[in-house]
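Comments concern the structure below.
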2 protein chains.
Amino acid sequence: MKIIDGRAISAQIKKEIAEEVARIKEAGGKTPHLAAILVGHDGGSETYVANKVKSCEEVGFNSTLIRYEDDVAEEELLDRVNQLNHDPDIDGFIVQLPLPKHISETKITEAIDYRKDVDGFHPVNVGRMSLGMPCFLSATPSGIMELLKRYEIETRGKHCVILGRSNIVGKPAAMLMMQKAYPGDCTVTVCHSRTPNIKEITLQADIIIAALGVPEFLTGDMVKEGVVVIDVGTTRVPSDKTKSGFKLTGDVKFDEVAPKCSYITPVPGGIGPMTIVSLLKNTLLAGKKEIYQ
Amino acid sequence: MKIIDGRAISAQIKKEIAEEVARIKEAGGKTPHLAAILVGHDGGSETYVANKVKSCEEVGFNSTLIRYEDDVAEEELLDRVNQLNHDPDIDGFIVQLPLPKHISETKITEAIDYRKDVDGFHPVNVGRMSLGMPCFLSATPSGIMELLKRYEIETRGKHCVILGRSNIVGKPAAMLMMQKAYPGDCTVTVCHSRTPNIKEITLQADIIIAALGVPEFLTGDMVKEGVVVIDVGTTRVPSDKTKSGFKLTGDVKFDEVAPKCSYITPVPGGIGPMTIVSLLKNTLLAGKKEIYQ
C-alpha cells in the first residue's frame with residue numbers, strides 16, 4: 001500500500017511553475033497575473049483566498065485581491081467582473097464562492113470571460129472539458145488527474161467508480177475518467193444518494209473516487225484488494241483531540257480501507273493541496289495564452 | 001414486452017408543436033424560423049436536411065435551406081454563420097455535418113451563436129446540459145429522454161448502462177441519466193471499446209442505452225429479465241432482402257433481446273424518428289426565446 005502524497009506533489013508542481021515563470025520573466029515575457037474577488041468575511045473563504053494569493057507570490061505571479069462587503073450590490077460585482085474581463089494585465093480571475101444570497105452565483109460565473117475563467121466553472125469550459133477540448137479544468141478533477149499521472153497509476157480498461165454527482169467533482173471526474181486518454185479510458189460508474197446498492201458496485205471498482213461529503217462513508221468491507229482510492233471528502237467533524245475543536249475527515253474510513261489499497265490519498269494531505277495547484281496551472285496557461293487567444 | 005413506438009411519439013409531438021405554432025401565429029407572434037446550411041451533395045446529408053426542412057413545414061415553421069458546393073472556403077462559411085447569427089428573423093440554424101475535410105467542424109460549431117445553436121453542439125450548450133441548466137439539448141439524448149418520459153418508464157434509482165462514449169450520444173446521455181431529475185436519478189455506468197467485461201456489466205443493467213455503432217452487439221445472454229433497452233445504433237448492413245441493398249441495423253440483436261425486455265426500441269422506428277423532433281422542439285424554444293434572450 002502506497003500513500004499518495006498530495007503535499008509533496010503540490011510542492012513539486014509549484015516548483016516547476018516557479019521555474020517556468022522565472023524563464024518567462026527572463027525572456028522578457030509577461031508575468032502571469034491572477035485577481036481574486038472576495039465578498040464578505042466568511043472564515044473559510046478568507047483562508048482559501050489568502051492561500052491562493054500566497055501561492056501566487058510563491059511561484060512569482062502577480063496577484064490582486066479585491067474585497068467587497070457582504071452588502072455589495074450584484075450590479076456592482078458584475079461591473080467589476082466586466083472590468084476585469086477587459087483588463088489586459090489580468091490573465092485570469094476568480095470570484096470566491098459562496099456569495100451572499102442576494103447575488104446569483106450563476107449570473108456571476110457566466111459573466112466571467114471564459115478565457116479568464118481559471119476556476120473552470122464557466123459553461124464554455126465545462127462543455128469543452130466534456131467534449132475533450134483544451135480548456136481550464138476545475139480544481140478538484142484536475143488535481144485527481146494530476147495525482148494519477150504523477151504516480152503513473154494505470155487507468156486504461158479499469159473500472160472507476162465515482163461516489164457523488166456534483167457539478168464540481170463527480171460529473172467532471174466521470175467525464176475525464178471515461179475519455180480516450182491517459183488518465184482515462186476507464187469504464188466509469190457514478191453512484192449517488194439514489195443508488196440502492198453502492199457496496200455491490202464499489203466492490204467491483206479498480207479505482208474509487210469518493211466525493212459524497214459523508215465522513216467515513218467508504219468502509220473496508222466495501223472495497224476489493226488492490227483498489228486505488230481517491231478521497232475527495234473534507235468534512236469538519238468535531239474532535240476533542242485538536243486545538244481547533246474539529247478534524248478534517250474524508251469520505252473514506254482510512255484505517256479499514258488503506259490496508260486493502262494499492263494506492264490511497266489521505267485526508268488531509270491528499271487531494272486538498274492539489275486544488276491550489278490547478279488554479280496556478282490555469283493562470284500560467286492563461287498568461288501564456290495557450291488555450292485561448 | 002412493449003415496443004417503444006418512436007414513429008407514433010414523434011408524430012404526436014409534431015402535432016403538439018404544430019398546435020402551439022398555430023396559437024402563436026393567431027396571437028400575432030413570430031413564426032419560428034430554422035435555417036440549414038448544407039455543403040456538398042452527400043446522399044445521407046441531402047436526405048437528412050430535406051427531412052428537416054419538410055418537418056419544419058409540417059409544423060408551420062419557416063425554413064431556409066442554404067447550399068454550398070464542396071469547395072466552399074471555410075472563411076465564406078464562417079461569414080455566412082456570422083450573418084445568420086445576426087439575422088433577427090432566424091431563430092435557430094444548423095450546419096449539417098460532416099463537412100468537407102478542408103473545413104474545421106469545431107471552428108464552425110463554435111462560431112454559431114449558442115443562442116441559435118438548435119443542434120445543441122456548441123460548448124456552451126454542452127456545458128449547461130452537464131451543469132443541469134436550461135439549454136438546447138442535442139437530438140439523440142433529447143430523443144431518449146422524451147421516449148422514457150412519454151412511456152413513463154421509471155428511472156429513479158435504476159442502474160443505467162450506456163454502451164459508447166461519443167460526444168453526441170454516450171457522454172450526454174450519461175450526464176442526463178445521472179442528473180437529479182426525471183428522467184434521471186440513475187446509477188450510470190459508461191462502457192466502451194476499452195471495457196474488458198461488458199457482459200458482466202450489462203447483466204446488472206435495469207436500463208441499457210446502446211450506442212456503440214456495432215450491429216447486433218447486444219445479445220440475449222447479455223441482459224437480464226425485465227430490462228429496458230434503447231437502441232441508438234443505426235448501421236447500414238448489406239442485405240439482399242431490401243430494394244436499397246442494405247438494412248438499417250441497430251446495436252441490439254432484437255430477436256434475442258426483445259423477449260427479455262420490459263420495453264425496447266426497434267431499429268428503425270425507435271430513436272431515429274425522435275431526432276428530428278428534438279430539432280423542432282429546440283427551434284420552437286428559440287423562437288419563443290425561452291432559454292436565451
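Residues are named by chain letter and number: chains run A, B, ... in the order of the C-alpha cells, numbers start at 1 in each chain, and ligands are numbered from 1 in the order shown.
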
Polymer residues at most 12 Å from Glu16 of chain B, only C-alpha atoms, same-chain spacing of 5 or more positions, as a PyMOL selection string: chain B and resi 9-11+21-23+58-60+277+280-281+284

Contact residues around Ile4 of chain A with only C-alpha atoms at 8 Å, ignoring same-chain residues under 2 positions, as a list of chain:residue names: A:Lys2, A:Gly6, A:Leu147, A:Tyr151, A:Tyr263, A:Ile264, A:Thr265, A:Pro266, A:Gly270

At a cut-off of 8 Å, which residues of chain B touch chain A? Count only C-alpha atoms and give the answer as a PDB file with C-alpha atoms, in the first residue's frame.
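Below is the file iface.pdb, written as the result:
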ATOM      1  CA  HIS B 122     -21.833  24.321 -29.020  1.00  0.00           C
ATOM      2  CA  PRO B 123     -19.687  24.016 -25.863  1.00  0.00           C
ATOM      3  CA  VAL B 124     -21.998  26.434 -24.025  1.00  0.00           C
ATOM      4  CA  ASN B 125     -24.986  24.155 -24.577  1.00  0.00           C
ATOM      5  CA  VAL B 126     -22.966  21.042 -23.743  1.00  0.00           C
ATOM      6  CA  GLY B 127     -21.659  22.706 -20.575  1.00  0.00           C
ATOM      7  CA  ARG B 128     -25.070  23.942 -19.499  1.00  0.00           C
ATOM      8  CA  SER B 130     -23.828  18.989 -17.908  1.00  0.00           C
ATOM      9  CA  LEU B 131     -24.486  21.587 -15.191  1.00  0.00           C
ATOM     10  CA  ARG B 156     -35.088   6.720 -10.342  1.00  0.00           C
ATOM     11  CA  GLY B 157     -32.597   4.537  -8.506  1.00  0.00           C
ATOM     12  CA  LYS B 158     -32.185   2.270 -11.545  1.00  0.00           C
ATOM     13  CA  HIS B 159     -28.836   1.200 -12.968  1.00  0.00           C
ATOM     14  CA  ARG B 165     -18.804   7.316 -25.023  1.00  0.00           C
ATOM     15  CA  ASN B 167     -19.761  13.303 -27.639  1.00  0.00           C
ATOM     16  CA  LYS B 171     -21.468  11.258 -22.794  1.00  0.00           C
ATOM     17  CA  MET B 175     -24.924  13.251 -17.808  1.00  0.00           C
ATOM     18  CA  MET B 178     -27.382  10.741 -13.606  1.00  0.00           C
ATOM     19  CA  GLN B 179     -28.936  14.157 -13.019  1.00  0.00           C
ATOM     20  CA  ASP B 185     -31.558   9.782 -10.913  1.00  0.00           C
ATOM     21  CA  CYS B 186     -29.913   6.602 -12.226  1.00  0.00           C
ATOM     22  CA  THR B 187     -26.695   4.984 -11.191  1.00  0.00           C
ATOM     23  CA  VAL B 188     -24.890   5.318 -14.520  1.00  0.00           C
ATOM     24  CA  THR B 189     -22.155   3.124 -15.987  1.00  0.00           C
ATOM     25  CA  VAL B 190     -20.478   4.020 -19.270  1.00  0.00           C
ATOM     26  CA  CYS B 191     -18.820   1.141 -21.146  1.00  0.00           C
ATOM     27  CA  HIS B 192     -16.835   1.438 -24.365  1.00  0.00           C
ATOM     28  CA  ARG B 194     -11.777  -0.382 -23.648  1.00  0.00           C
ATOM     29  CA  THR B 195     -14.176  -2.111 -21.241  1.00  0.00           C
ATOM     30  CA  PRO B 196     -12.987  -5.708 -20.770  1.00  0.00           C
TER      31      PRO B 196
END

Residue contacts of segment 238-240 of chain B (12 Å, only C-alpha atoms) excluding same-chain residues fewer than 5 positions away, as a JSON list (two decimals) with C-alpha atoms, in the first residue's frame:
[["chain", "number", "residue", "atom", "x", "y", "z"],
["B", 215, "PRO", "CA", -24.54, -4.07, -35.39],
["B", 245, "GLY", "CA", -29.46, -3.35, -50.90],
["B", 246, "PHE", "CA", -28.94, -2.59, -47.23],
["B", 247, "LYS", "CA", -30.79, -2.81, -43.95],
["B", 248, "LEU", "CA", -30.63, -0.30, -41.10],
["B", 249, "THR", "CA", -29.34, -2.37, -38.18]]

Which of these residues is nearest to Lys54 of chain B, using only C-alpha atoms: B:Lys241, B:Lys14, B:Lys149, B:His41? B:Lys14

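Residues in contact with Val214 of chain A at up to 8 Å, not including ones fewer than 5 positions away on its chain and judged by only C-alpha atoms, are Gly233, Thr235, Gly250 and Asp251 of chain A.
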
Selection file, N, CA and C atoms, as a PDB file, in the first residue's frame:
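What landed in selection29.pdb:
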ATOM      1  N   GLY A 233     -13.474  13.827  -0.019  1.00  0.00           N
ATOM      2  CA  GLY A 233     -14.265  14.364   1.083  1.00  0.00           C
ATOM      3  C   GLY A 233     -13.434  15.213   2.045  1.00  0.00           C
ATOM      4  N   THR A 235     -14.889  16.933   5.395  1.00  0.00           N
ATOM      5  CA  THR A 235     -15.933  17.410   6.298  1.00  0.00           C
ATOM      6  C   THR A 235     -15.286  17.732   7.638  1.00  0.00           C
ATOM      7  N   GLY A 250     -12.290  12.681   5.758  1.00  0.00           N
ATOM      8  CA  GLY A 250     -12.613  12.291   4.385  1.00  0.00           C
ATOM      9  C   GLY A 250     -13.832  11.393   4.307  1.00  0.00           C
ATOM     10  N   ASP A 251     -14.167  10.977   3.087  1.00  0.00           N
ATOM     11  CA  ASP A 251     -15.290  10.074   2.859  1.00  0.00           C
ATOM     12  C   ASP A 251     -14.895   8.615   3.071  1.00  0.00           C
TER      13      ASP A 251
END

I'd like to know which residues of segment 1-231 of chain A are strand (DSSP E or B) (by DSSP, run on the backbone); could you write them as a ChimeraX atom specification? /A:2-3,33-39,62-68,92-95,159-163,187-191,207-210,218,227-231

Residues from last step as file, C-alpha atoms, as a tab-separated table (two decimals), in the first residue's frame:
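Wrote out33.tsv, looks like this:
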chain	number	residue	atom	x	y	z
A	2	LYS	CA	1.28	3.38	-1.05
A	3	ILE	CA	0.02	6.68	0.34
A	33	HIS	CA	-1.46	37.92	-13.04
A	34	LEU	CA	-4.34	36.44	-11.05
A	35	ALA	CA	-7.07	38.54	-9.46
A	36	ALA	CA	-9.40	37.24	-6.77
A	37	ILE	CA	-12.67	38.81	-5.69
A	38	LEU	CA	-13.69	38.12	-2.10
A	39	VAL	CA	-17.09	39.19	-0.83
A	62	ASN	CA	1.34	38.94	-9.71
A	63	SER	CA	-1.87	38.87	-7.71
A	64	THR	CA	-4.60	41.31	-6.86
A	65	LEU	CA	-7.12	40.84	-4.08
A	66	ILE	CA	-10.36	42.75	-4.48
A	67	ARG	CA	-12.62	42.90	-1.44
A	68	TYR	CA	-16.27	43.79	-1.09
A	92	GLY	CA	-7.27	35.15	-15.04
A	93	PHE	CA	-9.52	35.82	-12.09
A	94	ILE	CA	-11.82	34.08	-9.67
A	95	VAL	CA	-14.81	35.09	-7.61
A	159	HIS	CA	-13.43	0.20	-13.64
A	160	CYS	CA	-13.62	3.60	-11.95
A	161	VAL	CA	-16.48	4.08	-9.51
A	162	ILE	CA	-17.29	7.66	-8.56
A	163	LEU	CA	-19.32	8.36	-5.43
A	187	THR	CA	-15.33	2.07	-17.54
A	188	VAL	CA	-17.00	4.65	-15.29
A	189	THR	CA	-19.85	4.20	-12.84
A	190	VAL	CA	-21.35	7.16	-10.99
A	191	CYS	CA	-23.19	6.36	-7.74
A	207	ILE	CA	-10.42	2.88	-8.76
A	208	ILE	CA	-12.78	4.70	-6.38
A	209	ILE	CA	-13.19	8.46	-6.30
A	210	ALA	CA	-15.15	9.28	-3.15
A	218	LEU	CA	-16.47	4.02	2.42
A	227	VAL	CA	-8.08	-0.88	-5.20
A	228	VAL	CA	-6.91	2.72	-5.80
A	229	VAL	CA	-8.83	5.15	-3.58
A	230	ILE	CA	-9.00	8.91	-4.12
A	231	ASP	CA	-10.72	10.60	-1.19

Which of segment 18-195 of chain A end up as helix (DSSP H, G or I) when DSSP is run on this backbone - answer as a ChimeraX atom specification? /A:18-26,43-59,74-86,105-111,114-116,123-130,139-150,170-178

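Note that the spacing between atom CA of Met274 of chain B and atom CA of Glu256 of chain B amounts to 24.4 Å.
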